[in-house]
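Q: First the structure, then my questions, so here it is.
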Amino acid sequence: MSKGTTKIVYGLYDDDDLTIQSIKSLRKKGVQIHEVYTPFPVHGIDKELGLKKTRISDLSFVYGLFGTTLACVLTWYTMIHDWPQDIGGKPAYAWYMNLPAFIPIIFELTVFCAAHFMCITYLIRCRLFPGAPPQNPDPRTTDDKFLIELHTSVTEVDELVSEFKESGAIEITVKELAS
Amino acid sequence: MIIGIIIMAFGFYQGFSMNKEKILDFVQTHPERFDNESIENFNKKELKTLEAEHIHHLLEQTHNRPWSALYMAAFYFTGISLGALFFLGIQHAAQSGWSIVVSRIMEGIASFIPYGGALILLILIFNGMGVVHMFHWMDPSLSDPESSNYDELIANKRPFLNIPFYILRSIIYIAGWTFFMCWLKRLSKKLDKTLSLKDHNKLHDVSVVFISFFGVSSMIMGWDWIMSLDPHWLSTLFGWYVLGSYWVSGITVITLVALYLKSRGYLPFFNDNHLHDLAKYMFATSLLWTYLWFAQFLLYWYGNIPEEVAYFMHRAGQYNYIHFLMLIPNFLLPLLGLISSSAKRKPKIIITFGCIILIGHIIDMYNMIMPGSVGGFYGFGAAEIGSLFFVSGGFLFIVFRALSQMELAPRGNQLFHESEVYEYPF
């Protein structure tokens with residue numbers, strides 16, 4: 001946030017294509033977009049906003065590896081080391097010989113860890129705790145409206161408002177930035 | 001431009017296939033030369049215990065080898081065509097947009113079905129006539145209660161596994177697939193001229209009917225053509241397992257042909273986004289195959305019922321664990337190599353892994369066909385390589401001839417524009 005930014009300008013849209021068009025033209029003019037709120041994931045919006053590729057996919061691979069390791073240790077400890085079990089006359093007492101039987105467990109725990117830890121990571125990064133106050137400036141964006149939020153200085157407000165009007169915003173709100 | 005492809009395809013692949021045909025002829029006229037050694041080895045070890053009859057049976061198995069090799073190659077390439085046709089049917093039935101730029105390639109690859117199917121049918125008819133003995137159950141004495149060969153399990157399967165019905169079924173599959181292939185091709189060609197929505201919708205309807213037919217026929221075909229090589233063994237998901245194998249090969253071949261034509265400049269509208277999607281399907285179907293492989297293996301391995309587990313014991317003991325080793329090219333390498341999103345957009349990586357997958361599925365075909373038909377007299381020599389080259393030569397020739405005869409851009413399809421400007425959204 002650069003010096004002198006004291007105003008917030010909200011532009012509300014009722015169409016995702018219009019929103020993307022508006023983001024495009026704003027960014028072309030060098031306006032920095034603070035945040036965009038949409039009721040559903042809009043394809044291509046991250047590209048238009050110039051966001052970096054999410055690192056959550058790399059993280060999910062790490063979580064998956066953790067799950068795989070956990071499952072291997074778990075099956076080895078419970079079925080081989082601590083209490084060796086002979087099920088169905090299979091060559092027990094060695095983990096690798098029983099590997100086919102453990103694959104479903106390994107698979108399940110891999111998916112389980114990758115999915116759950118990814119969710120938890122996402123919620124923590126977005127600060128979405130139970131009971132957390134909503135950060136969404138306008139409840140209509142959870143229904144069918146799209147909102148672009150700009151932080152700007154007093155001098156540029158009028159220009160941005162007319163920009164929003166031109167691009168087809170249905171409602172424009174200007175607010176003081178709470179310091 | 002298109003004449004260029006014709007000449008290239010003719011010149012290049014005709015010469016290629018003719019040479020290999022000679023090799024194959026040579027191999028087929030001298031099958032003993034390739035197997036004498038192994039017969040001798042075998043006889044030395046077990047001659048005392050073997051009865052004359054058994055020796056006869058083993059001799060038959062050695063004579064099977066070039067036939068099995070040809071059968072394997074014919075099935076492999078027909079399967080690729082079939083996989084491509086099935087994939088095409090899915091695209092039309094789902095009205096998918098992205099794939100329309102490669103739909104003509106799928107049509108081209110599917111053109112091989114009648115030729116490969118005829119080759120398979122020829123081998124099956126030879127089997128039925130008793131010229132070749134790849135299918136053990138075709139021996140009539142097995143269901144004769146008087147005979148010393150009487151086998152109750154096979155006798156019980158006689159209502160389904162008898163030669164006339166078997167050949168009839170095979171003809172129905174091949175005729176049905178050829179029929180739908182020609183119909184889809186004709187409709188799509190007609191669409192280029194008429195541009196009518198009615199024809200477009202008909203393409204969808206025909207595809208839906210084709211998929212219904214394919215769903216049943218591919219399943220029974222897997223049992224008939226492959227599983228009945230081991231008539232005592234049975235696996236209900238085997239049809240899908242075979243489908244998984246030739247489907248992934250089919251998609252891989254679509255990708256490779258598209259990349260090849262693109263590099264020659266015949267497919268300017270094919271770009272990274274389409275490659276990305278095709279590569280995703282290569283990855284996904286590889287895993288589908290692995291899933292079916294594992295689902296089949298785990299149940300038999302855990303069940304541990306002698307007549308069921310024999311199938312895997314055979315492959316583990318006599319075939320050096322081929323059914324495990326083929327997981328490396330068919331599962332492990334595609335999993336690690338194609339998992340990353342950016343790798344799916346690099347033609348060099350896709351070509352490398354495409355070749356690995358194709359080789360891996362030749363091994364899979366080998367694993368499915370050879371143990372049941374040639375038993376211990378396996379190898380990978382002139383018969384196998386020759387027939388692979390022979391059939392692949394014919395396959396490439398027919399596919400490229402078909403491709404050269406059609407307009408590679410299906411401009412009449414309503415979804416063509418959507419496909420052209422398609423962009424992978426992430």
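Letters A, B, ... go to the chains of the structure tokens in the order shown; residues in each chain start at 1; ligands are counted from 1 in the same order.
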Would you mind listing what lies within 8 Å of segment 127-143 of chain B as a PDB file with all heavy atoms, in the first residue's frame, with only C-alpha atoms counted and same-chain residues fewer than 2 positions away left out?

A:
ATOM      1  N   GLU B  60       2.992 -78.680 -30.600  1.00  0.00           N
ATOM      2  CA  GLU B  60       1.974 -77.736 -31.055  1.00  0.00           C
ATOM      3  C   GLU B  60       2.262 -76.346 -30.527  1.00  0.00           C
ATOM      4  O   GLU B  60       2.145 -75.355 -31.240  1.00  0.00           O
ATOM      5  CB  GLU B  60       0.596 -78.181 -30.554  1.00  0.00           C
ATOM      6  CG  GLU B  60      -0.071 -79.175 -31.457  1.00  0.00           C
ATOM      7  CD  GLU B  60      -1.419 -79.593 -30.914  1.00  0.00           C
ATOM      8  OE1 GLU B  60      -1.803 -79.105 -29.837  1.00  0.00           O
ATOM      9  OE2 GLU B  60      -2.069 -80.424 -31.558  1.00  0.00           O
ATOM     10  N   GLN B  61       2.666 -76.314 -29.254  1.00  0.00           N
ATOM     11  CA  GLN B  61       2.939 -75.001 -28.664  1.00  0.00           C
ATOM     12  C   GLN B  61       4.078 -74.296 -29.401  1.00  0.00           C
ATOM     13  O   GLN B  61       4.008 -73.103 -29.658  1.00  0.00           O
ATOM     14  CB  GLN B  61       3.313 -75.149 -27.195  1.00  0.00           C
ATOM     15  CG  GLN B  61       2.115 -75.396 -26.321  1.00  0.00           C
ATOM     16  CD  GLN B  61       2.447 -75.182 -24.872  1.00  0.00           C
ATOM     17  OE1 GLN B  61       3.596 -75.377 -24.462  1.00  0.00           O
ATOM     18  NE2 GLN B  61       1.466 -74.803 -24.091  1.00  0.00           N
ATOM     19  N   HIS B  63       4.855 -74.700 -32.454  1.00  0.00           N
ATOM     20  CA  HIS B  63       4.348 -74.238 -33.751  1.00  0.00           C
ATOM     21  C   HIS B  63       3.455 -73.020 -33.599  1.00  0.00           C
ATOM     22  O   HIS B  63       3.265 -72.265 -34.530  1.00  0.00           O
ATOM     23  CB  HIS B  63       3.570 -75.360 -34.451  1.00  0.00           C
ATOM     24  CG  HIS B  63       4.459 -76.451 -34.930  1.00  0.00           C
ATOM     25  ND1 HIS B  63       5.545 -76.224 -35.749  1.00  0.00           N
ATOM     26  CD2 HIS B  63       4.457 -77.781 -34.687  1.00  0.00           C
ATOM     27  CE1 HIS B  63       6.152 -77.367 -35.991  1.00  0.00           C
ATOM     28  NE2 HIS B  63       5.521 -78.330 -35.356  1.00  0.00           N
ATOM     29  N   ASN B  64       2.923 -72.863 -32.386  1.00  0.00           N
ATOM     30  CA  ASN B  64       2.052 -71.712 -32.153  1.00  0.00           C
ATOM     31  C   ASN B  64       2.802 -70.404 -32.168  1.00  0.00           C
ATOM     32  O   ASN B  64       2.217 -69.367 -32.365  1.00  0.00           O
ATOM     33  CB  ASN B  64       1.403 -71.828 -30.768  1.00  0.00           C
ATOM     34  CG  ASN B  64       0.197 -72.708 -30.791  1.00  0.00           C
ATOM     35  OD1 ASN B  64      -0.343 -72.975 -31.850  1.00  0.00           O
ATOM     36  ND2 ASN B  64      -0.200 -73.171 -29.633  1.00  0.00           N
ATOM     37  N   TRP B  67       2.526 -67.856 -34.880  1.00  0.00           N
ATOM     38  CA  TRP B  67       1.118 -67.450 -34.987  1.00  0.00           C
ATOM     39  C   TRP B  67       0.737 -66.541 -33.833  1.00  0.00           C
ATOM     40  O   TRP B  67       0.074 -65.523 -34.027  1.00  0.00           O
ATOM     41  CB  TRP B  67       0.206 -68.677 -34.994  1.00  0.00           C
ATOM     42  CG  TRP B  67       0.287 -69.425 -36.273  1.00  0.00           C
ATOM     43  CD1 TRP B  67       0.946 -70.591 -36.494  1.00  0.00           C
ATOM     44  CD2 TRP B  67      -0.295 -69.043 -37.529  1.00  0.00           C
ATOM     45  NE1 TRP B  67       0.803 -70.971 -37.804  1.00  0.00           N
ATOM     46  CE2 TRP B  67       0.048 -70.041 -38.456  1.00  0.00           C
ATOM     47  CE3 TRP B  67      -1.071 -67.978 -37.935  1.00  0.00           C
ATOM     48  CZ2 TRP B  67      -0.351 -69.988 -39.782  1.00  0.00           C
ATOM     49  CZ3 TRP B  67      -1.480 -67.912 -39.246  1.00  0.00           C
ATOM     50  CH2 TRP B  67      -1.116 -68.917 -40.163  1.00  0.00           C
ATOM     51  N   SER B  68       1.200 -66.936 -32.649  1.00  0.00           N
ATOM     52  CA  SER B  68       0.890 -66.099 -31.494  1.00  0.00           C
ATOM     53  C   SER B  68       1.520 -64.734 -31.644  1.00  0.00           C
ATOM     54  O   SER B  68       0.926 -63.721 -31.266  1.00  0.00           O
ATOM     55  CB  SER B  68       1.414 -66.736 -30.214  1.00  0.00           C
ATOM     56  OG  SER B  68       0.848 -67.991 -30.060  1.00  0.00           O
ATOM     57  N   ILE B 123      -6.641 -65.648 -38.276  1.00  0.00           N
ATOM     58  CA  ILE B 123      -5.931 -66.500 -37.318  1.00  0.00           C
ATOM     59  C   ILE B 123      -6.931 -67.319 -36.505  1.00  0.00           C
ATOM     60  O   ILE B 123      -6.732 -68.511 -36.271  1.00  0.00           O
ATOM     61  CB  ILE B 123      -5.051 -65.631 -36.406  1.00  0.00           C
ATOM     62  CG1 ILE B 123      -3.996 -64.910 -37.234  1.00  0.00           C
ATOM     63  CG2 ILE B 123      -4.376 -66.491 -35.346  1.00  0.00           C
ATOM     64  CD1 ILE B 123      -3.199 -63.903 -36.470  1.00  0.00           C
ATOM     65  N   LEU B 124      -8.049 -66.678 -36.115  1.00  0.00           N
ATOM     66  CA  LEU B 124      -9.038 -67.407 -35.318  1.00  0.00           C
ATOM     67  C   LEU B 124      -9.663 -68.535 -36.128  1.00  0.00           C
ATOM     68  O   LEU B 124      -9.914 -69.627 -35.613  1.00  0.00           O
ATOM     69  CB  LEU B 124     -10.128 -66.451 -34.829  1.00  0.00           C
ATOM     70  CG  LEU B 124      -9.677 -65.386 -33.836  1.00  0.00           C
ATOM     71  CD1 LEU B 124     -10.854 -64.533 -33.407  1.00  0.00           C
ATOM     72  CD2 LEU B 124      -9.023 -66.014 -32.624  1.00  0.00           C
ATOM     73  N   ILE B 125      -9.904 -68.269 -37.421  1.00  0.00           N
ATOM     74  CA  ILE B 125     -10.502 -69.313 -38.255  1.00  0.00           C
ATOM     75  C   ILE B 125      -9.512 -70.455 -38.450  1.00  0.00           C
ATOM     76  O   ILE B 125      -9.880 -71.638 -38.383  1.00  0.00           O
ATOM     77  CB  ILE B 125     -10.974 -68.715 -39.598  1.00  0.00           C
ATOM     78  CG1 ILE B 125     -12.213 -67.847 -39.353  1.00  0.00           C
ATOM     79  CG2 ILE B 125     -11.312 -69.822 -40.598  1.00  0.00           C
ATOM     80  CD1 ILE B 125     -12.676 -67.068 -40.553  1.00  0.00           C
ATOM     81  N   PRO B 145     -16.892 -87.073 -22.538  1.00  0.00           N
ATOM     82  CA  PRO B 145     -16.733 -87.785 -21.261  1.00  0.00           C
ATOM     83  C   PRO B 145     -16.002 -89.122 -21.407  1.00  0.00           C
ATOM     84  O   PRO B 145     -15.396 -89.614 -20.455  1.00  0.00           O
ATOM     85  CB  PRO B 145     -18.166 -88.007 -20.794  1.00  0.00           C
ATOM     86  CG  PRO B 145     -19.005 -87.063 -21.584  1.00  0.00           C
ATOM     87  CD  PRO B 145     -18.289 -86.816 -22.867  1.00  0.00           C
ATOM     88  N   SER B 147     -13.452 -89.660 -23.328  1.00  0.00           N
ATOM     89  CA  SER B 147     -12.043 -89.483 -23.644  1.00  0.00           C
ATOM     90  C   SER B 147     -11.193 -89.371 -22.377  1.00  0.00           C
ATOM     91  O   SER B 147     -11.663 -88.947 -21.325  1.00  0.00           O
ATOM     92  CB  SER B 147     -11.882 -88.220 -24.485  1.00  0.00           C
ATOM     93  OG  SER B 147     -10.567 -87.771 -24.434  1.00  0.00           O
ATOM     94  N   ASN B 149      -8.920 -87.341 -22.160  1.00  0.00           N
ATOM     95  CA  ASN B 149      -8.612 -85.919 -22.052  1.00  0.00           C
ATOM     96  C   ASN B 149      -9.725 -85.128 -21.390  1.00  0.00           C
ATOM     97  O   ASN B 149      -9.619 -83.929 -21.278  1.00  0.00           O
ATOM     98  CB  ASN B 149      -8.444 -85.323 -23.470  1.00  0.00           C
ATOM     99  CG  ASN B 149      -7.028 -85.423 -23.937  1.00  0.00           C
ATOM    100  OD1 ASN B 149      -6.129 -85.598 -23.131  1.00  0.00           O
ATOM    101  ND2 ASN B 149      -6.838 -85.330 -25.225  1.00  0.00           N
ATOM    102  N   TYR B 150     -10.795 -85.811 -20.994  1.00  0.00           N
ATOM    103  CA  TYR B 150     -12.002 -85.107 -20.560  1.00  0.00           C
ATOM    104  C   TYR B 150     -11.694 -84.093 -19.460  1.00  0.00           C
ATOM    105  O   TYR B 150     -11.014 -84.404 -18.489  1.00  0.00           O
ATOM    106  CB  TYR B 150     -13.042 -86.118 -20.074  1.00  0.00           C
ATOM    107  CG  TYR B 150     -14.306 -85.470 -19.604  1.00  0.00           C
ATOM    108  CD1 TYR B 150     -15.142 -84.837 -20.505  1.00  0.00           C
ATOM    109  CD2 TYR B 150     -14.663 -85.488 -18.253  1.00  0.00           C
ATOM    110  CE1 TYR B 150     -16.310 -84.239 -20.074  1.00  0.00           C
ATOM    111  CE2 TYR B 150     -15.829 -84.896 -17.822  1.00  0.00           C
ATOM    112  CZ  TYR B 150     -16.650 -84.268 -18.742  1.00  0.00           C
ATOM    113  OH  TYR B 150     -17.807 -83.680 -18.321  1.00  0.00           O
ATOM    114  N   ASP B 151     -12.184 -82.889 -19.675  1.00  0.00           N
ATOM    115  CA  ASP B 151     -11.927 -81.817 -18.727  1.00  0.00           C
ATOM    116  C   ASP B 151     -13.264 -81.198 -18.364  1.00  0.00           C
ATOM    117  O   ASP B 151     -13.900 -80.538 -19.179  1.00  0.00           O
ATOM    118  CB  ASP B 151     -11.011 -80.778 -19.393  1.00  0.00           C
ATOM    119  CG  ASP B 151     -10.558 -79.715 -18.420  1.00  0.00           C
ATOM    120  OD1 ASP B 151     -11.366 -79.349 -17.541  1.00  0.00           O
ATOM    121  OD2 ASP B 151      -9.415 -79.259 -18.532  1.00  0.00           O
ATOM    122  N   GLU B 152     -13.689 -81.423 -17.124  1.00  0.00           N
ATOM    123  CA  GLU B 152     -15.031 -81.019 -16.745  1.00  0.00           C
ATOM    124  C   GLU B 152     -15.214 -79.508 -16.846  1.00  0.00           C
ATOM    125  O   GLU B 152     -16.249 -79.011 -17.274  1.00  0.00           O
ATOM    126  CB  GLU B 152     -15.333 -81.492 -15.330  1.00  0.00           C
ATOM    127  CG  GLU B 152     -16.817 -81.596 -15.084  1.00  0.00           C
ATOM    128  CD  GLU B 152     -17.129 -81.925 -13.644  1.00  0.00           C
ATOM    129  OE1 GLU B 152     -16.221 -82.389 -12.937  1.00  0.00           O
ATOM    130  OE2 GLU B 152     -18.284 -81.701 -13.248  1.00  0.00           O
ATOM    131  N   ILE B 154     -13.771 -77.318 -18.774  1.00  0.00           N
ATOM    132  CA  ILE B 154     -13.943 -76.836 -20.148  1.00  0.00           C
ATOM    133  C   ILE B 154     -15.262 -77.336 -20.719  1.00  0.00           C
ATOM    134  O   ILE B 154     -15.966 -76.611 -21.420  1.00  0.00           O
ATOM    135  CB  ILE B 154     -12.736 -77.265 -20.996  1.00  0.00           C
ATOM    136  CG1 ILE B 154     -11.503 -76.514 -20.505  1.00  0.00           C
ATOM    137  CG2 ILE B 154     -12.985 -76.976 -22.471  1.00  0.00           C
ATOM    138  CD1 ILE B 154     -10.245 -76.858 -21.221  1.00  0.00           C
ATOM    139  N   ALA B 155     -15.632 -78.593 -20.354  1.00  0.00           N
ATOM    140  CA  ALA B 155     -16.897 -79.123 -20.869  1.00  0.00           C
ATOM    141  C   ALA B 155     -18.067 -78.270 -20.404  1.00  0.00           C
ATOM    142  O   ALA B 155     -19.017 -78.040 -21.147  1.00  0.00           O
ATOM    143  CB  ALA B 155     -17.071 -80.564 -20.397  1.00  0.00           C
ATOM    144  N   ARG B 158     -18.716 -75.255 -22.536  1.00  0.00           N
ATOM    145  CA  ARG B 158     -18.994 -75.498 -23.951  1.00  0.00           C
ATOM    146  C   ARG B 158     -20.146 -74.663 -24.544  1.00  0.00           C
ATOM    147  O   ARG B 158     -20.043 -74.226 -25.687  1.00  0.00           O
ATOM    148  CB  ARG B 158     -19.276 -76.986 -24.198  1.00  0.00           C
ATOM    149  CG  ARG B 158     -18.045 -77.776 -24.562  1.00  0.00           C
ATOM    150  CD  ARG B 158     -17.462 -77.385 -25.906  1.00  0.00           C
ATOM    151  NE  ARG B 158     -16.305 -78.219 -26.189  1.00  0.00           N
ATOM    152  CZ  ARG B 158     -15.039 -77.791 -26.263  1.00  0.00           C
ATOM    153  NH1 ARG B 158     -14.779 -76.524 -26.093  1.00  0.00           N
ATOM    154  NH2 ARG B 158     -14.057 -78.609 -26.507  1.00  0.00           N
ATOM    155  N   LEU B 161     -18.101 -71.449 -25.070  1.00  0.00           N
ATOM    156  CA  LEU B 161     -16.849 -71.646 -25.784  1.00  0.00           C
ATOM    157  C   LEU B 161     -16.964 -72.813 -26.764  1.00  0.00           C
ATOM    158  O   LEU B 161     -16.427 -73.881 -26.517  1.00  0.00           O
ATOM    159  CB  LEU B 161     -15.705 -71.907 -24.799  1.00  0.00           C
ATOM    160  CG  LEU B 161     -15.115 -70.704 -24.070  1.00  0.00           C
ATOM    161  CD1 LEU B 161     -13.940 -71.142 -23.223  1.00  0.00           C
ATOM    162  CD2 LEU B 161     -14.677 -69.628 -25.030  1.00  0.00           C
ATOM    163  N   ASN B 162     -17.720 -72.624 -27.842  1.00  0.00           N
ATOM    164  CA  ASN B 162     -17.663 -73.617 -28.908  1.00  0.00           C
ATOM    165  C   ASN B 162     -17.336 -72.890 -30.200  1.00  0.00           C
ATOM    166  O   ASN B 162     -17.627 -71.688 -30.346  1.00  0.00           O
ATOM    167  CB  ASN B 162     -18.968 -74.401 -28.994  1.00  0.00           C
ATOM    168  CG  ASN B 162     -20.145 -73.494 -29.240  1.00  0.00           C
ATOM    169  OD1 ASN B 162     -20.289 -72.949 -30.327  1.00  0.00           O
ATOM    170  ND2 ASN B 162     -20.976 -73.300 -28.235  1.00  0.00           N
ATOM    171  N   ILE B 163     -16.711 -73.617 -31.115  1.00  0.00           N
ATOM    172  CA  ILE B 163     -16.082 -72.934 -32.241  1.00  0.00           C
ATOM    173  C   ILE B 163     -17.065 -72.120 -33.096  1.00  0.00           C
ATOM    174  O   ILE B 163     -16.792 -70.956 -33.361  1.00  0.00           O
ATOM    175  CB  ILE B 163     -15.267 -73.929 -33.076  1.00  0.00           C
ATOM    176  CG1 ILE B 163     -14.087 -74.413 -32.233  1.00  0.00           C
ATOM    177  CG2 ILE B 163     -14.757 -73.299 -34.356  1.00  0.00           C
ATOM    178  CD1 ILE B 163     -13.354 -75.583 -32.782  1.00  0.00           C
ATOM    179  N   ILE B 167     -16.598 -68.056 -33.487  1.00  0.00           N
ATOM    180  CA  ILE B 167     -16.247 -67.368 -34.738  1.00  0.00           C
ATOM    181  C   ILE B 167     -17.345 -66.366 -35.090  1.00  0.00           C
ATOM    182  O   ILE B 167     -17.056 -65.250 -35.520  1.00  0.00           O
ATOM    183  CB  ILE B 167     -16.070 -68.397 -35.874  1.00  0.00           C
ATOM    184  CG1 ILE B 167     -14.944 -69.380 -35.537  1.00  0.00           C
ATOM    185  CG2 ILE B 167     -15.801 -67.705 -37.208  1.00  0.00           C
ATOM    186  CD1 ILE B 167     -13.565 -68.817 -35.609  1.00  0.00           C
ATOM    187  N   SER B 228      -9.634 -66.575 -23.135  1.00  0.00           N
ATOM    188  CA  SER B 228      -9.869 -67.995 -23.401  1.00  0.00           C
ATOM    189  C   SER B 228      -8.592 -68.710 -23.831  1.00  0.00           C
ATOM    190  O   SER B 228      -8.604 -69.923 -24.038  1.00  0.00           O
ATOM    191  CB  SER B 228     -10.971 -68.177 -24.451  1.00  0.00           C
ATOM    192  OG  SER B 228     -10.476 -67.933 -25.736  1.00  0.00           O
ATOM    193  N   LEU B 229      -7.483 -67.976 -23.940  1.00  0.00           N
ATOM    194  CA  LEU B 229      -6.209 -68.667 -24.149  1.00  0.00           C
ATOM    195  C   LEU B 229      -5.852 -69.496 -22.916  1.00  0.00           C
ATOM    196  O   LEU B 229      -5.138 -70.500 -23.010  1.00  0.00           O
ATOM    197  CB  LEU B 229      -5.100 -67.648 -24.421  1.00  0.00           C
ATOM    198  CG  LEU B 229      -5.109 -66.963 -25.787  1.00  0.00           C
ATOM    199  CD1 LEU B 229      -4.233 -65.743 -25.750  1.00  0.00           C
ATOM    200  CD2 LEU B 229      -4.638 -67.905 -26.867  1.00  0.00           C
ATOM    201  N   ASP B 230      -6.281 -69.044 -21.754  1.00  0.00           N
ATOM    202  CA  ASP B 230      -6.131 -69.819 -20.512  1.00  0.00           C
ATOM    203  C   ASP B 230      -7.522 -70.249 -20.083  1.00  0.00           C
ATOM    204  O   ASP B 230      -8.156 -69.599 -19.250  1.00  0.00           O
ATOM    205  CB  ASP B 230      -5.533 -68.958 -19.405  1.00  0.00           C
ATOM    206  CG  ASP B 230      -4.115 -68.573 -19.674  1.00  0.00           C
ATOM    207  OD1 ASP B 230      -3.230 -69.384 -19.383  1.00  0.00           O
ATOM    208  OD2 ASP B 230      -3.902 -67.463 -20.200  1.00  0.00           O
ATOM    209  N   PRO B 231      -8.043 -71.339 -20.655  1.00  0.00           N
ATOM    210  CA  PRO B 231      -9.484 -71.604 -20.500  1.00  0.00           C
ATOM    211  C   PRO B 231      -9.894 -71.951 -19.072  1.00  0.00           C
ATOM    212  O   PRO B 231     -11.074 -71.882 -18.751  1.00  0.00           O
ATOM    213  CB  PRO B 231      -9.746 -72.764 -21.455  1.00  0.00           C
ATOM    214  CG  PRO B 231      -8.426 -73.390 -21.670  1.00  0.00           C
ATOM    215  CD  PRO B 231      -7.397 -72.337 -21.484  1.00  0.00           C
ATOM    216  N   GLY B 372      -0.389 -68.329 -22.361  1.00  0.00           N
ATOM    217  CA  GLY B 372      -1.478 -69.250 -22.633  1.00  0.00           C
ATOM    218  C   GLY B 372      -1.297 -70.036 -23.906  1.00  0.00           C
ATOM    219  O   GLY B 372      -1.804 -71.141 -24.035  1.00  0.00           O
ATOM    220  N   SER B 373      -0.590 -69.475 -24.876  1.00  0.00           N
ATOM    221  CA  SER B 373      -0.566 -70.153 -26.165  1.00  0.00           C
ATOM    222  C   SER B 373       0.744 -70.876 -26.455  1.00  0.00           C
ATOM    223  O   SER B 373       0.736 -71.908 -27.103  1.00  0.00           O
ATOM    224  CB  SER B 373      -0.876 -69.154 -27.284  1.00  0.00           C
ATOM    225  OG  SER B 373       0.111 -68.165 -27.326  1.00  0.00           O
ATOM    226  N   VAL B 374       1.869 -70.354 -26.007  1.00  0.00           N
ATOM    227  CA  VAL B 374       3.116 -71.071 -26.309  1.00  0.00           C
ATOM    228  C   VAL B 374       3.761 -71.655 -25.065  1.00  0.00           C
ATOM    229  O   VAL B 374       4.753 -72.381 -25.167  1.00  0.00           O
ATOM    230  CB  VAL B 374       4.140 -70.180 -27.047  1.00  0.00           C
ATOM    231  CG1 VAL B 374       3.563 -69.670 -28.330  1.00  0.00           C
ATOM    232  CG2 VAL B 374       4.624 -69.054 -26.192  1.00  0.00           C
TER     233      VAL B 374
END

Q: Show me, as a VMD selection string, the residues of chain A whose atoms get within 12 Å of chain B, using only C-alpha atoms for the distance check.

A: chain A and resid 41 to 48 51 to 54 57 to 58 61 86 to 91 97 to 104 107

Q: Using the chain letters and numbers from this document, which residues of segment 1-124 of chain A does DSSP assign to helix (DSSP H, G or I), as JSON, numbers by chain?

A: {"A": [16, 17, 18, 19, 20, 21, 22, 23, 24, 25, 26, 27, 28, 45, 46, 47, 48, 49, 56, 57, 58, 59, 60, 61, 62, 63, 64, 65, 66, 67, 68, 69, 70, 71, 72, 73, 74, 75, 76, 77, 78, 79, 80, 81, 96, 97, 98, 99, 100, 101, 102, 103, 104, 105, 106, 107, 108, 109, 110, 111, 112, 113, 114, 115, 116, 117, 118, 119, 120, 121, 122, 123, 124]}

Q: Would you please work out which residue, of A:Leu160, A:Leu74, A:Ala114, A:Gly168, is nearest to Arg27 of chain A when using only C-alpha atoms?

A: A:Leu160

Q: Rounded to one decimal place, report the atom CA of Arg127 of chain A-atom CA of Ala115 of chain A distance in Å.

A: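 Separating atom CA of Arg127 of chain A from atom CA of Ala115 of chain A is a distance of 18.2 Å.
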
Q: Find the spatial neighbours of segment 132-139 of chain A, counting only C-alpha atoms, within a cut-off of 10 Å - ignore same-chain residues fewer than 4 positions away - and output them as a PDB file with C-alpha atoms, in the first residue's frame.

A:
ATOM      1  CA  TYR A  10     -15.749  -0.821  -4.901  1.00  0.00           C
ATOM      2  CA  LEU A  12     -19.935  -4.182  -8.347  1.00  0.00           C
ATOM      3  CA  VAL A  36     -11.663  -9.362  -6.328  1.00  0.00           C
ATOM      4  CA  TYR A  37     -14.611 -11.159  -4.731  1.00  0.00           C
ATOM      5  CA  PRO A  39     -19.356 -16.079  -5.833  1.00  0.00           C
ATOM      6  CA  ARG A 127      -7.606 -16.975   7.801  1.00  0.00           C
ATOM      7  CA  LEU A 128     -10.904 -18.806   7.695  1.00  0.00           C
ATOM      8  CA  ASP A 143     -24.749 -14.904  -4.212  1.00  0.00           C
ATOM      9  CA  ASP A 144     -24.557 -13.611  -7.786  1.00  0.00           C
ATOM     10  CA  LYS A 145     -22.460 -10.408  -7.864  1.00  0.00           C
ATOM     11  CA  PHE A 146     -18.789  -9.749  -8.572  1.00  0.00           C
ATOM     12  CA  LEU A 147     -16.809  -7.079  -6.765  1.00  0.00           C
ATOM     13  CA  GLU A 149     -11.821  -3.591  -4.719  1.00  0.00           C
TER      14      GLU A 149
END

Q: Might you pull out every residue within 9 Å of segment 351-359 of chain B, with only C-alpha atoms counted and same-chain residues fewer than 2 positions away left off, and present them as a count of residues only?

A: 25

Q: Write out as a PyMOL selection string which residues come within 9 Å of Lys189 of chain B when counting only C-alpha atoms, dropping same-chain ones fewer than 6 positions away.

A: chain B and resi 406-407+410+412

Q: Using N, CA, C and O atoms, can you write the selected residues to a file as a tab-separated table (two decimals), in the first residue's frame?

A:
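File out_27.tsv, as written:
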chain	number	residue	atom	x	y	z
B	406	MET	N	-8.19	-37.36	-46.27
B	406	MET	CA	-9.22	-36.51	-45.67
B	406	MET	C	-8.67	-35.12	-45.39
B	406	MET	O	-7.48	-34.92	-45.27
B	407	GLU	N	-9.60	-34.19	-45.33
B	407	GLU	CA	-9.26	-32.84	-44.90
B	407	GLU	C	-8.99	-32.90	-43.40
B	407	GLU	O	-9.85	-33.31	-42.63
B	410	PRO	N	-11.63	-30.53	-39.50
B	410	PRO	CA	-13.06	-30.79	-39.65
B	410	PRO	C	-13.84	-29.48	-39.57
B	410	PRO	O	-14.50	-29.20	-38.58
B	412	GLY	N	-16.46	-28.43	-40.87
B	412	GLY	CA	-17.91	-28.46	-40.83
B	412	GLY	C	-18.46	-28.64	-39.43
B	412	GLY	O	-19.62	-28.40	-39.18
